[in-house]
$ cat protein_3.cif   # mmCIF, C-alpha atoms
data_target
#
loop_
_atom_site.label_atom_id
_atom_site.label_comp_id
_atom_site.auth_asym_id
_atom_site.auth_seq_id
_atom_site.Cartn_x
_atom_site.Cartn_y
_atom_site.Cartn_z
CA MET A 1 -19.53 46.48 17.02
CA SER A 2 -16.45 45.12 18.62
CA GLN A 3 -18.65 43.14 21.00
CA LYS A 4 -20.50 41.66 18.04
CA ILE A 5 -17.27 40.57 16.44
CA ASP A 6 -16.18 39.02 19.71
CA GLN A 7 -19.40 37.08 19.91
CA GLU A 8 -19.01 35.75 16.43
CA ARG A 9 -15.45 34.78 17.08
CA ARG A 10 -16.41 33.02 20.27
CA GLN A 11 -19.10 31.11 18.45
CA PHE A 12 -16.68 30.16 15.71
CA VAL A 13 -14.06 29.03 18.20
CA SER A 14 -16.54 26.86 20.04
CA VAL A 15 -17.79 25.28 16.81
CA ALA A 16 -14.22 24.69 15.65
CA GLY A 17 -13.45 23.13 19.00
CA LEU A 18 -16.38 20.78 18.67
CA ALA A 19 -15.37 19.84 15.17
CA ALA A 20 -11.83 19.12 16.34
CA ALA A 21 -13.15 16.99 19.18
CA ALA A 22 -15.37 15.07 16.75
CA THR A 23 -12.48 14.31 14.39
CA ALA A 24 -10.32 13.32 17.32
CA VAL A 25 -12.91 10.80 18.44
CA ALA A 26 -13.77 9.46 14.99
CA PRO A 27 -10.49 7.66 14.19
CA GLY A 28 -10.51 5.98 17.59
CA VAL A 29 -14.04 4.75 17.04
CA PHE A 30 -13.13 3.56 13.57
CA LEU A 31 -10.13 1.66 14.85
CA LEU A 32 -12.04 -0.14 17.53
CA GLY A 33 -14.67 -1.26 15.05
CA GLY A 34 -12.17 -1.68 12.20
CA SER A 35 -10.99 -5.21 12.65
CA ALA A 36 -14.45 -6.60 13.21
CA GLU A 37 -16.17 -4.92 10.29
CA ALA A 38 -13.27 -5.12 7.81
CA GLU A 39 -14.39 -2.02 5.92
CA PRO A 40 -11.98 -0.01 3.75
CA ARG A 41 -10.70 3.10 5.49
CA THR A 42 -12.50 6.34 4.70
CA ASP A 43 -10.73 8.71 7.14
CA PRO A 44 -7.05 9.67 6.83
CA VAL A 45 -4.68 7.77 9.11
CA THR A 46 -3.74 9.61 12.30
CA ASP A 47 -0.96 9.42 14.85
CA LYS A 48 -3.44 8.24 17.48
CA VAL A 49 -2.32 4.83 16.33
CA ARG A 50 1.18 3.49 16.01
CA TYR A 51 1.46 0.13 14.40
CA GLY A 52 4.11 -2.22 15.71
CA MET A 53 5.03 -5.82 16.06
CA LEU A 54 6.54 -8.17 18.59
CA ILE A 55 8.52 -11.18 17.43
CA ASP A 56 9.17 -13.82 20.03
CA THR A 57 12.38 -15.45 18.82
CA THR A 58 12.18 -18.07 21.55
CA LYS A 59 9.26 -19.51 19.58
CA CYS A 60 11.06 -19.33 16.22
CA ALA A 61 12.19 -22.76 15.06
CA ASP A 62 15.57 -23.21 13.40
CA GLY A 63 15.10 -23.61 9.66
CA CYS A 64 11.50 -22.36 9.69
CA SER A 65 10.71 -19.64 7.17
CA GLU A 66 6.93 -19.84 7.04
CA CYS A 67 6.62 -16.11 7.71
CA VAL A 68 8.81 -15.33 4.71
CA THR A 69 6.77 -17.63 2.49
CA GLY A 70 3.53 -16.09 3.75
CA CYS A 71 4.84 -12.59 3.14
CA GLU A 72 6.01 -13.37 -0.36
CA LYS A 73 2.72 -14.97 -1.35
CA GLU A 74 0.70 -12.10 0.09
CA ASN A 75 2.75 -9.37 -1.53
CA GLY A 76 3.37 -11.02 -4.90
CA LEU A 77 7.10 -11.47 -4.41
CA ASP A 78 6.76 -15.13 -5.33
CA LEU A 79 5.62 -14.08 -8.80
CA LEU A 80 9.06 -12.70 -9.58
CA ARG A 81 11.25 -14.79 -11.82
CA MET A 82 14.95 -14.65 -12.45
CA PRO A 83 15.60 -12.71 -15.67
CA GLU A 84 16.90 -14.88 -18.48
CA GLY A 85 20.64 -15.11 -18.60
CA ALA A 86 21.09 -13.74 -15.10
CA ASP A 87 23.60 -15.20 -12.69
CA PRO A 88 21.61 -17.33 -10.21
CA GLU A 89 23.93 -16.37 -7.37
CA GLU A 90 23.54 -12.70 -8.09
CA TRP A 91 19.77 -13.10 -8.39
CA ASP A 92 19.65 -14.83 -5.05
CA ARG A 93 21.64 -12.00 -3.49
CA GLN A 94 19.73 -9.16 -5.07
CA ARG A 95 16.21 -10.38 -5.61
CA PRO A 96 13.52 -8.36 -3.87
CA ARG A 97 12.78 -9.51 -0.34
CA TRP A 98 10.60 -7.88 2.26
CA MET A 99 11.48 -10.36 4.93
CA ARG A 100 14.37 -12.74 5.53
CA THR A 101 15.44 -15.06 8.29
CA VAL A 102 18.65 -14.26 10.10
CA LYS A 103 20.67 -16.39 12.46
CA VAL A 104 22.50 -14.59 15.22
CA LYS A 105 25.01 -16.10 17.62
CA ASP A 106 26.21 -14.79 20.93
CA ARG A 107 29.97 -15.27 20.68
CA LEU A 108 30.41 -15.51 24.43
CA THR A 109 27.73 -18.04 25.26
CA GLY A 110 27.30 -19.66 21.87
CA ARG A 111 23.53 -19.17 22.02
CA VAL A 112 22.01 -19.15 18.53
CA SER A 113 18.71 -17.45 17.68
CA THR A 114 16.85 -17.45 14.40
CA LEU A 115 14.70 -14.45 13.69
CA PRO A 116 12.77 -12.85 10.87
CA MET A 117 14.15 -9.52 9.74
CA MET A 118 12.35 -6.81 7.86
CA CYS A 119 11.63 -3.08 7.92
CA GLN A 120 11.64 -2.09 11.58
CA HIS A 121 9.24 0.83 11.01
CA CYS A 122 11.39 3.30 12.95
CA GLU A 123 9.95 6.39 14.53
CA TYR A 124 13.00 8.23 13.19
CA PRO A 125 13.66 6.34 9.95
CA PRO A 126 17.06 6.96 8.33
CA CYS A 127 15.58 6.02 4.94
CA VAL A 128 13.19 8.96 5.21
CA ASP A 129 16.00 11.31 6.26
CA VAL A 130 18.07 10.61 3.18
CA CYS A 131 15.35 10.37 0.54
CA PRO A 132 15.88 13.25 -1.91
CA THR A 133 12.34 13.22 -3.32
CA GLY A 134 10.14 12.51 -0.32
CA ALA A 135 9.18 9.13 -1.72
CA SER A 136 10.33 7.37 1.41
CA PHE A 137 7.96 8.47 4.13
CA ARG A 138 6.51 7.57 7.48
CA ARG A 139 2.75 7.44 7.52
CA ALA A 140 0.95 9.09 10.44
CA ASP A 141 0.19 5.68 11.93
CA GLY A 142 3.89 4.74 11.99
CA ILE A 143 4.12 2.62 8.84
CA VAL A 144 7.26 3.42 6.86
CA MET A 145 6.58 3.16 3.15
CA VAL A 146 7.79 4.13 -0.31
CA ASP A 147 5.55 6.23 -2.50
CA ARG A 148 6.72 4.64 -5.71
CA HIS A 149 4.99 7.30 -7.78
CA ILE A 150 7.78 9.68 -6.77
CA CYS A 151 10.63 7.23 -6.13
CA ILE A 152 13.46 7.83 -8.60
CA GLY A 153 15.33 4.67 -7.69
CA CYS A 154 18.45 6.35 -6.33
CA ARG A 155 18.72 3.73 -3.57
CA TYR A 156 19.99 6.13 -0.91
CA CYS A 157 17.45 4.61 1.46
CA MET A 158 18.91 1.15 0.90
CA MET A 159 22.30 2.50 1.93
CA ALA A 160 20.90 4.30 4.95
CA CYS A 161 18.83 1.45 6.37
CA PRO A 162 20.77 -0.26 9.18
CA TYR A 163 18.57 -3.35 8.82
CA LYS A 164 19.11 -3.96 5.10
CA ALA A 165 15.36 -4.03 4.81
CA ARG A 166 14.86 -2.57 1.37
CA SER A 167 14.97 -4.10 -2.09
CA PHE A 168 15.29 -2.66 -5.54
CA ILE A 169 13.39 -3.83 -8.59
CA HIS A 170 15.98 -4.17 -11.32
CA GLU A 171 13.92 -5.50 -14.19
CA ASN A 172 10.56 -4.99 -15.83
CA ILE A 173 7.84 -7.10 -14.28
CA ASP A 174 4.73 -8.34 -16.00
CA ARG A 175 2.97 -10.06 -13.12
CA GLN A 176 1.69 -8.00 -10.23
CA LEU A 177 -1.02 -8.19 -7.64
CA SER A 178 -3.65 -5.46 -7.47
CA ILE A 179 -2.76 -4.94 -3.83
CA ALA A 180 1.01 -4.82 -4.40
CA PRO A 181 1.99 -2.71 -7.41
CA ARG A 182 5.60 -3.19 -8.38
CA GLY A 183 7.81 -2.02 -11.22
CA LYS A 184 11.32 -1.53 -12.48
CA GLY A 185 13.35 1.27 -10.95
CA CYS A 186 11.73 1.59 -7.54
CA VAL A 187 12.66 0.60 -4.02
CA GLU A 188 10.29 -1.27 -1.76
CA SER A 189 10.11 -2.92 1.63
CA CYS A 190 7.76 -4.37 4.23
CA ASN A 191 4.77 -2.11 4.79
CA PHE A 192 3.06 -4.10 7.54
CA CYS A 193 0.64 -5.41 4.89
CA VAL A 194 -0.78 -1.91 4.61
CA HIS A 195 -3.56 -3.07 2.27
CA ARG A 196 -4.81 -5.29 5.08
CA VAL A 197 -4.50 -2.55 7.67
CA ASP A 198 -6.40 -0.10 5.48
CA ASN A 199 -9.11 -2.62 4.82
CA GLY A 200 -9.70 -3.06 8.52
CA GLU A 201 -7.91 -6.36 9.01
CA SER A 202 -5.95 -6.78 12.21
CA THR A 203 -3.22 -9.23 11.21
CA THR A 204 -0.31 -9.29 8.79
CA ALA A 205 0.47 -12.14 6.41
CA CYS A 206 3.59 -13.16 8.34
CA GLN A 207 1.60 -13.34 11.56
CA ASP A 208 -1.04 -15.52 9.92
CA ALA A 209 1.61 -17.75 8.37
CA CYS A 210 3.60 -18.34 11.56
CA PRO A 211 2.81 -21.83 12.88
CA HIS A 212 4.39 -21.03 16.25
CA GLY A 213 2.48 -17.86 17.09
CA ALA A 214 5.74 -15.95 17.34
CA ILE A 215 4.50 -12.77 15.66
CA VAL A 216 2.01 -10.33 17.17
CA PHE A 217 0.96 -7.21 15.28
CA GLY A 218 -1.10 -4.31 16.54
CA ASP A 219 -1.40 -0.78 17.87
CA LEU A 220 1.41 0.17 20.24
CA ASN A 221 -0.53 3.23 21.44
CA ASP A 222 -3.47 1.16 22.62
CA PRO A 223 -2.59 -0.28 26.04
CA ASN A 224 -5.19 -3.01 25.59
CA SER A 225 -4.00 -4.27 22.22
CA GLU A 226 -2.54 -7.74 22.06
CA VAL A 227 0.88 -6.44 21.10
CA SER A 228 0.99 -3.87 23.92
CA LYS A 229 0.02 -6.51 26.46
CA ALA A 230 2.66 -8.90 25.14
CA LEU A 231 5.31 -6.16 25.21
CA ARG A 232 4.46 -5.29 28.81
CA GLU A 233 4.49 -8.89 29.92
CA LYS A 234 8.08 -9.91 29.13
CA ALA A 235 11.36 -8.22 28.33
CA ASN A 236 11.96 -7.33 24.71
CA THR A 237 14.48 -5.33 22.77
CA GLN A 238 14.99 -3.23 19.68
CA LEU A 239 17.59 -4.27 17.16
CA ARG A 240 20.44 -1.75 17.21
CA ALA A 241 18.78 0.15 20.04
CA ASP A 242 21.97 2.24 20.17
CA LEU A 243 20.84 4.07 17.04
CA LYS A 244 17.85 5.46 18.97
CA LEU A 245 15.46 4.97 16.07
CA ASN A 246 12.61 3.76 18.28
CA THR A 247 11.70 0.86 16.09
CA GLY A 248 8.13 -0.35 15.75
CA VAL A 249 9.29 -3.97 15.59
CA ARG A 250 10.52 -5.46 18.86
CA TYR A 251 12.16 -8.81 19.54
CA ARG A 252 11.98 -11.08 22.51
CA GLY A 253 14.66 -13.60 23.41
CA ILE A 254 17.74 -12.10 21.78
CA MET B 1 -27.19 30.87 -27.85
CA VAL B 2 -27.75 28.84 -30.99
CA THR B 3 -24.08 27.94 -31.11
CA GLY B 4 -24.28 26.86 -27.48
CA ALA B 5 -27.20 24.57 -28.22
CA LEU B 6 -25.38 23.14 -31.21
CA VAL B 7 -22.25 22.42 -29.18
CA LEU B 8 -24.39 20.80 -26.52
CA ALA B 9 -26.17 18.66 -29.09
CA LEU B 10 -22.86 17.57 -30.61
CA GLY B 11 -21.51 16.82 -27.18
CA VAL B 12 -24.47 14.61 -26.38
CA SER B 13 -24.36 12.74 -29.65
CA ALA B 14 -20.61 12.20 -29.26
CA ALA B 15 -21.20 10.86 -25.75
CA GLU B 16 -23.86 8.47 -27.02
CA HIS B 17 -21.55 7.02 -29.63
CA SER B 18 -18.57 6.85 -27.34
CA ASP B 19 -20.42 4.89 -24.69
CA ARG B 20 -19.79 1.87 -26.83
CA SER B 21 -16.05 2.31 -26.60
CA VAL B 22 -16.30 0.17 -23.49
CA VAL B 23 -15.30 -3.38 -24.27
CA LYS B 24 -17.86 -6.14 -24.51
CA GLY B 25 -17.42 -8.70 -21.78
CA SER B 26 -16.45 -6.14 -19.14
CA LYS B 27 -18.57 -5.06 -16.20
CA ALA B 28 -18.55 -1.51 -17.57
CA TYR B 29 -20.33 -2.73 -20.72
CA GLU B 30 -23.41 -3.49 -18.66
CA LEU B 31 -23.48 -0.09 -16.94
CA ASP B 32 -24.98 3.21 -18.10
CA SER B 33 -22.22 5.43 -16.84
CA CYS B 34 -18.83 5.45 -15.15
CA VAL B 35 -18.26 6.96 -11.68
CA GLU B 36 -18.62 10.37 -13.36
CA PRO B 37 -20.44 11.31 -16.59
CA THR B 38 -18.65 9.97 -19.66
CA PRO B 39 -17.42 13.35 -21.04
CA VAL B 40 -15.99 14.21 -17.62
CA MET B 41 -14.26 10.87 -17.32
CA ARG B 42 -12.85 11.14 -20.80
CA LYS B 43 -11.21 14.44 -20.07
CA LEU B 44 -10.32 14.18 -16.42
CA HIS B 45 -9.61 10.54 -15.63
CA PRO B 46 -5.84 11.11 -15.29
CA THR B 47 -6.46 13.92 -12.80
CA PHE B 48 -8.88 11.82 -10.77
CA ILE B 49 -6.49 8.90 -10.59
CA LYS B 50 -3.50 11.07 -9.79
CA HIS B 51 -5.28 12.82 -6.92
CA GLN B 52 -6.54 9.64 -5.46
CA ARG B 53 -3.23 7.82 -5.60
CA ASP B 54 -1.71 10.38 -3.21
CA ILE B 55 -4.64 10.12 -0.84
CA THR B 56 -4.45 6.35 -0.88
CA VAL B 57 -0.70 6.04 -0.44
CA HIS B 58 -0.24 8.75 2.17
CA GLN B 59 -3.54 8.79 4.03
CA GLY B 60 -4.52 5.17 3.62
CA ILE B 61 -7.96 5.88 2.19
CA ARG B 62 -9.00 2.90 0.12
CA GLY B 63 -12.03 2.09 -1.93
CA ALA B 64 -12.84 5.72 -2.86
CA LYS B 65 -14.48 6.01 -6.24
CA HIS B 66 -11.54 7.18 -8.38
CA SER B 67 -9.27 4.23 -7.81
CA LEU B 68 -7.17 2.67 -10.54
CA SER B 69 -7.98 -0.81 -9.32
CA GLY B 70 -11.62 0.23 -9.69
CA CYS B 71 -10.96 1.13 -13.34
CA VAL B 72 -9.31 -2.21 -13.99
CA ASP B 73 -11.95 -4.12 -12.09
CA CYS B 74 -14.75 -2.69 -14.19
CA HIS B 75 -13.10 -2.29 -17.59
CA ALA B 76 -11.19 -5.55 -17.93
CA ALA B 77 -13.04 -7.86 -20.28
CA LYS B 78 -13.12 -11.63 -20.24
CA ASP B 79 -12.24 -13.63 -23.34
CA ALA B 80 -14.13 -16.64 -24.70
CA GLN B 81 -12.51 -18.89 -22.12
CA GLY B 82 -13.68 -16.63 -19.32
CA LYS B 83 -10.16 -15.43 -18.60
CA TYR B 84 -9.50 -11.74 -18.00
CA MET B 85 -7.63 -9.86 -20.70
CA PRO B 86 -5.22 -7.10 -19.63
CA VAL B 87 -6.77 -3.62 -19.99
CA ASN B 88 -3.65 -2.49 -21.83
CA ALA B 89 -3.67 -5.31 -24.37
CA PRO B 90 -4.32 -4.31 -28.01
CA GLY B 91 -7.98 -3.46 -28.58
CA GLN B 92 -8.81 -3.40 -24.87
CA PHE B 93 -10.34 -0.44 -23.10
CA CYS B 94 -7.28 1.55 -22.01
CA GLU B 95 -5.05 0.67 -24.93
CA SER B 96 -7.49 1.31 -27.78
CA CYS B 97 -7.91 4.99 -26.93
CA HIS B 98 -4.37 5.63 -25.77
CA GLU B 99 -3.04 4.06 -28.96
CA TYR B 100 -5.27 6.35 -31.02
CA ALA B 101 -4.22 9.42 -29.03
CA GLY B 102 -0.56 8.40 -29.00
CA VAL B 103 -0.28 8.71 -25.22
CA GLU B 104 1.65 6.19 -23.18
CA ILE B 105 0.05 4.60 -20.11
CA PRO B 106 2.73 4.45 -17.45
CA CYS B 107 0.27 3.09 -14.84
CA PHE B 108 0.72 -0.49 -15.93
CA SER B 109 4.46 -0.73 -15.64
CA CYS B 110 3.68 -1.24 -11.94
CA HIS B 111 -0.04 -1.82 -11.54
CA ALA B 112 -1.90 -5.03 -12.26
CA THR B 113 -3.78 -5.09 -15.57
CA THR B 114 -6.45 -7.58 -14.56
CA PRO B 115 -8.74 -7.53 -11.55
CA THR B 116 -7.58 -10.86 -10.22
CA GLY B 117 -5.98 -10.74 -6.83
CA ARG B 118 -3.03 -12.61 -8.24
CA SER B 119 -2.45 -11.69 -11.87
CA GLY B 120 -0.72 -14.07 -14.24
CA GLU B 121 -2.32 -17.10 -12.66
#
$ encode --input "protein_3.cif" --output "structure tokens"
Amino acid sequence: MSQKIDQERRQFVSVAGLAAAATAVAPGVFLLGGSAEAEPRTDPVTDKVRYGMLIDTTKCADGCSECVTGCEKENGLDLLRMPEGADPEEWDRQRPRWMRTVKVKDRLTGRVSTLPMMCQHCEYPPCVDVCPTGASFRRADGIVMVDRHICIGCRYCMMACPYKARSFIHENIDRQLSIAPRGKGCVESCNFCVHRVDNGESTTACQDACPHGAIVFGDLNDPNSEVSKALREKANTQLRADLKLNTGVRYRGI
Amino acid sequence: MVTGALVLALGVSAAEHSDRSVVKGSKAYELDSCVEPTPVMRKLHPTFIKHQRDITVHQGIRGAKHSLSGCVDCHAAKDAQGKYMPVNAPGQFCESCHEYAGVEIPCFSCHATTPTGRSGE
């Protein structure tokens, strides 16, 4: 009897092992074919992939904000209008932005760099640490997002983010895109154009919009991806590397 | 047994009538059935949508059959000018029933109400 049970268990274990191997292979296969076929994702995201980005600030031109424009058009941020009677200065300071351009100057040498700044998609995101509801989360593939169905709008994450990457929607909105739902009382930020990623596309809107080819997006875990190759090739850095957040966005030339 | 048959018959006749609650000028108007049988959809559509939203947001699975954008895509009707009308506008598919039942639709405080990629344009 005991032998019979052992046999069954062994069989079960071997079948389970096979199944596990099959699921382990499937996402990899999907990802390789993903960008070419551009099919919506049918399997859950896995940590086999980590999405990341390299921004070459040496290619960024002073005064250029094409990436920001591209981002805002893609994600419907350009549909937002200043509420009537609002203070234009306040609106400009507080209006939702996923991406902004920042100018940094080395005080010693006087070297000035312009760079786009957005959610850095940290491996250890402070916004996720502080979120009281679990709305702020890091997806298995490394994309840090807000599940706005459970966001209560407390804005702890905005306080916690060292990159000032998140925005709050203060007013009711009547114009949205199907791919970018948005409403009063929730926090949001760059999500690496997750609708594109999930539909098998391999670029983000900012990358497509950049006329200088300064932005490369891709899988950091795949040594043959364009972004991994670019990262290996030349020195690059994380912003506020001292915080040890292991950001998914890296910069070159600062 | 007889009662069962009667209930069934009533159910069927109700379903036949209610099929026409879809709005003329929408894709759904041309179809025989939704992604599930009509009585199932009528009762369980909030559950379907709620389950799928979590799968989509957290696991990245898109294009599965119970998606809200799928509802909007199929149920939004075009007006005489060929322009989409919001599904939550008076008399449109979502609103007409929710108004009757007195249930708010919180979906559309965030989600687009027309199938266009860029609504309001």
$ residues_around --input "protein_3.cif" --residues "Lys27 in chain B" --least-positions-apart "4" --cutoff "12 Å" --atoms "all atoms listed in the file" --output "PyMOL selection string"
chain B and resi 22-23+31-34+70-78+84+93+115
$ residues_around --input "protein_3.cif" --residues "Phe168 in chain A" --least-positions-apart "5" --cutoff "9 Å" --atoms "only C-alpha atoms" --output "list of chain:residue names"
A:Gln94, A:Arg95, A:Pro96, A:Arg97, A:Gly153, A:Arg155, A:Met158, A:Lys184, A:Gly185, A:Cys186, A:Val187, A:Glu188, A:Ser189
$ atom_distance --input "protein_3.cif" --atom1 "CA of Ile173 in chain A" --atom2 "CA of Gly85 in chain A"
15.7 Å
$ atom_distance --input "protein_3.cif" --atom1 "CA of Arg182 in chain A" --atom2 "CA of Gly63 in chain A"
28.9 Å
$ closest_residue --input "protein_3.cif" --among "A:Ala160, A:Val197, A:Ala180, A:Met53" --to "Gly60 in chain B" --atoms "only C-alpha atoms"
A:Val197
$ residues_around --input "protein_3.cif" --residues "range 142-145 of chain A" --least-positions-apart "3" --cutoff "6 Å" --atoms "all atoms listed in the file" --output "PyMOL selection string"
chain A and resi 50-51+121+136-139+191
$ write_last_selection --input "protein_3.cif" --atoms "C-alpha atoms" --output "PDB file, in the coordinates of the input"
ATOM      1  CA  ARG A  50       1.180   3.490  16.010  1.00  0.00           C
ATOM      2  CA  TYR A  51       1.460   0.130  14.400  1.00  0.00           C
ATOM      3  CA  HIS A 121       9.240   0.830  11.010  1.00  0.00           C
ATOM      4  CA  SER A 136      10.330   7.370   1.410  1.00  0.00           C
ATOM      5  CA  PHE A 137       7.960   8.470   4.130  1.00  0.00           C
ATOM      6  CA  ARG A 138       6.510   7.570   7.480  1.00  0.00           C
ATOM      7  CA  ARG A 139       2.750   7.440   7.520  1.00  0.00           C
ATOM      8  CA  ASN A 191       4.770  -2.110   4.790  1.00  0.00           C
TER       9      ASN A 191
END
$ resolve_selection --input "protein_3.cif" --expression "the PyMOL selection byres ((chain B) within 10 of (chain A))" --output "PDB file with C-alpha atoms, keeping the file's coordinate frame"
ATOM      1  CA  LYS B  50      -3.500  11.070  -9.790  1.00  0.00           C
ATOM      2  CA  ARG B  53      -3.230   7.820  -5.600  1.00  0.00           C
ATOM      3  CA  ASP B  54      -1.710  10.380  -3.210  1.00  0.00           C
ATOM      4  CA  ILE B  55      -4.640  10.120  -0.840  1.00  0.00           C
ATOM      5  CA  THR B  56      -4.450   6.350  -0.880  1.00  0.00           C
ATOM      6  CA  VAL B  57      -0.700   6.040  -0.440  1.00  0.00           C
ATOM      7  CA  HIS B  58      -0.240   8.750   2.170  1.00  0.00           C
ATOM      8  CA  GLN B  59      -3.540   8.790   4.030  1.00  0.00           C
ATOM      9  CA  GLY B  60      -4.520   5.170   3.620  1.00  0.00           C
ATOM     10  CA  ILE B  61      -7.960   5.880   2.190  1.00  0.00           C
ATOM     11  CA  ARG B  62      -9.000   2.900   0.120  1.00  0.00           C
ATOM     12  CA  GLY B  63     -12.030   2.090  -1.930  1.00  0.00           C
ATOM     13  CA  ALA B  64     -12.840   5.720  -2.860  1.00  0.00           C
ATOM     14  CA  LEU B  68      -7.170   2.670 -10.540  1.00  0.00           C
ATOM     15  CA  SER B  69      -7.980  -0.810  -9.320  1.00  0.00           C
ATOM     16  CA  VAL B  72      -9.310  -2.210 -13.990  1.00  0.00           C
ATOM     17  CA  ASP B  73     -11.950  -4.120 -12.090  1.00  0.00           C
ATOM     18  CA  CYS B 107       0.270   3.090 -14.840  1.00  0.00           C
ATOM     19  CA  PHE B 108       0.720  -0.490 -15.930  1.00  0.00           C
ATOM     20  CA  SER B 109       4.460  -0.730 -15.640  1.00  0.00           C
ATOM     21  CA  CYS B 110       3.680  -1.240 -11.940  1.00  0.00           C
ATOM     22  CA  HIS B 111      -0.040  -1.820 -11.540  1.00  0.00           C
ATOM     23  CA  ALA B 112      -1.900  -5.030 -12.260  1.00  0.00           C
ATOM     24  CA  THR B 113      -3.780  -5.090 -15.570  1.00  0.00           C
ATOM     25  CA  THR B 114      -6.450  -7.580 -14.560  1.00  0.00           C
ATOM     26  CA  PRO B 115      -8.740  -7.530 -11.550  1.00  0.00           C
ATOM     27  CA  THR B 116      -7.580 -10.860 -10.220  1.00  0.00           C
ATOM     28  CA  GLY B 117      -5.980 -10.740  -6.830  1.00  0.00           C
ATOM     29  CA  ARG B 118      -3.030 -12.610  -8.240  1.00  0.00           C
ATOM     30  CA  SER B 119      -2.450 -11.690 -11.870  1.00  0.00           C
ATOM     31  CA  GLY B 120      -0.720 -14.070 -14.240  1.00  0.00           C
ATOM     32  CA  GLU B 121      -2.320 -17.100 -12.660  1.00  0.00           C
TER      33      GLU B 121
END
$ resolve_selection --input "protein_3.cif" --expression "the PyMOL selection byres ((chain A and resi 65) around 12)" --output "PyMOL selection string"
chain A and resi 60-64+66-72+99-103+114-117+206-207+209-212+214
$ residues_around --input "protein_3.cif" --residues "Val249 in chain A" --least-positions-apart "6" --cutoff "6 Å" --atoms "all atoms listed in the file" --output "JSON, numbers by chain"
{"A": [52, 53, 54, 120]}
$ resolve_selection --input "protein_3.cif" --expression "the PyMOL selection byres ((chain A and resi 250) around 12)" --output "PyMOL selection string"
chain A and resi 51-57+115-122+214-218+220+227-228+230-232+234-241+245-249+251-254
$ atom_distance --input "protein_3.cif" --atom1 "CA of Cys190 in chain A" --atom2 "CA of Trp98 in chain A"
4.9 Å
$ closest_residue --input "protein_3.cif" --among "B:Gly91, B:His66, B:Lys83, B:Lys24" --to "Pro46 in chain B" --atoms "all atoms listed in the file"
B:His66
$ closest_residue --input "protein_3.cif" --among "B:Lys65, B:His45, B:Gly25, B:Thr38" --to "Cys94 in chain B" --atoms "all atoms listed in the file"
B:His45
$ closest_residue --input "protein_3.cif" --among "A:Glu171, A:Cys161, A:Cys154, A:Thr109" --to "Val128 in chain A" --atoms "all atoms listed in the file"
A:Cys161
$ residues_around --input "protein_3.cif" --residues "Glu99 in chain B" --least-positions-apart "6" --cutoff "10 Å" --atoms "only C-alpha atoms" --output "list in words"
Asn88, Pro90, Gly91 and Ile105 of chain B
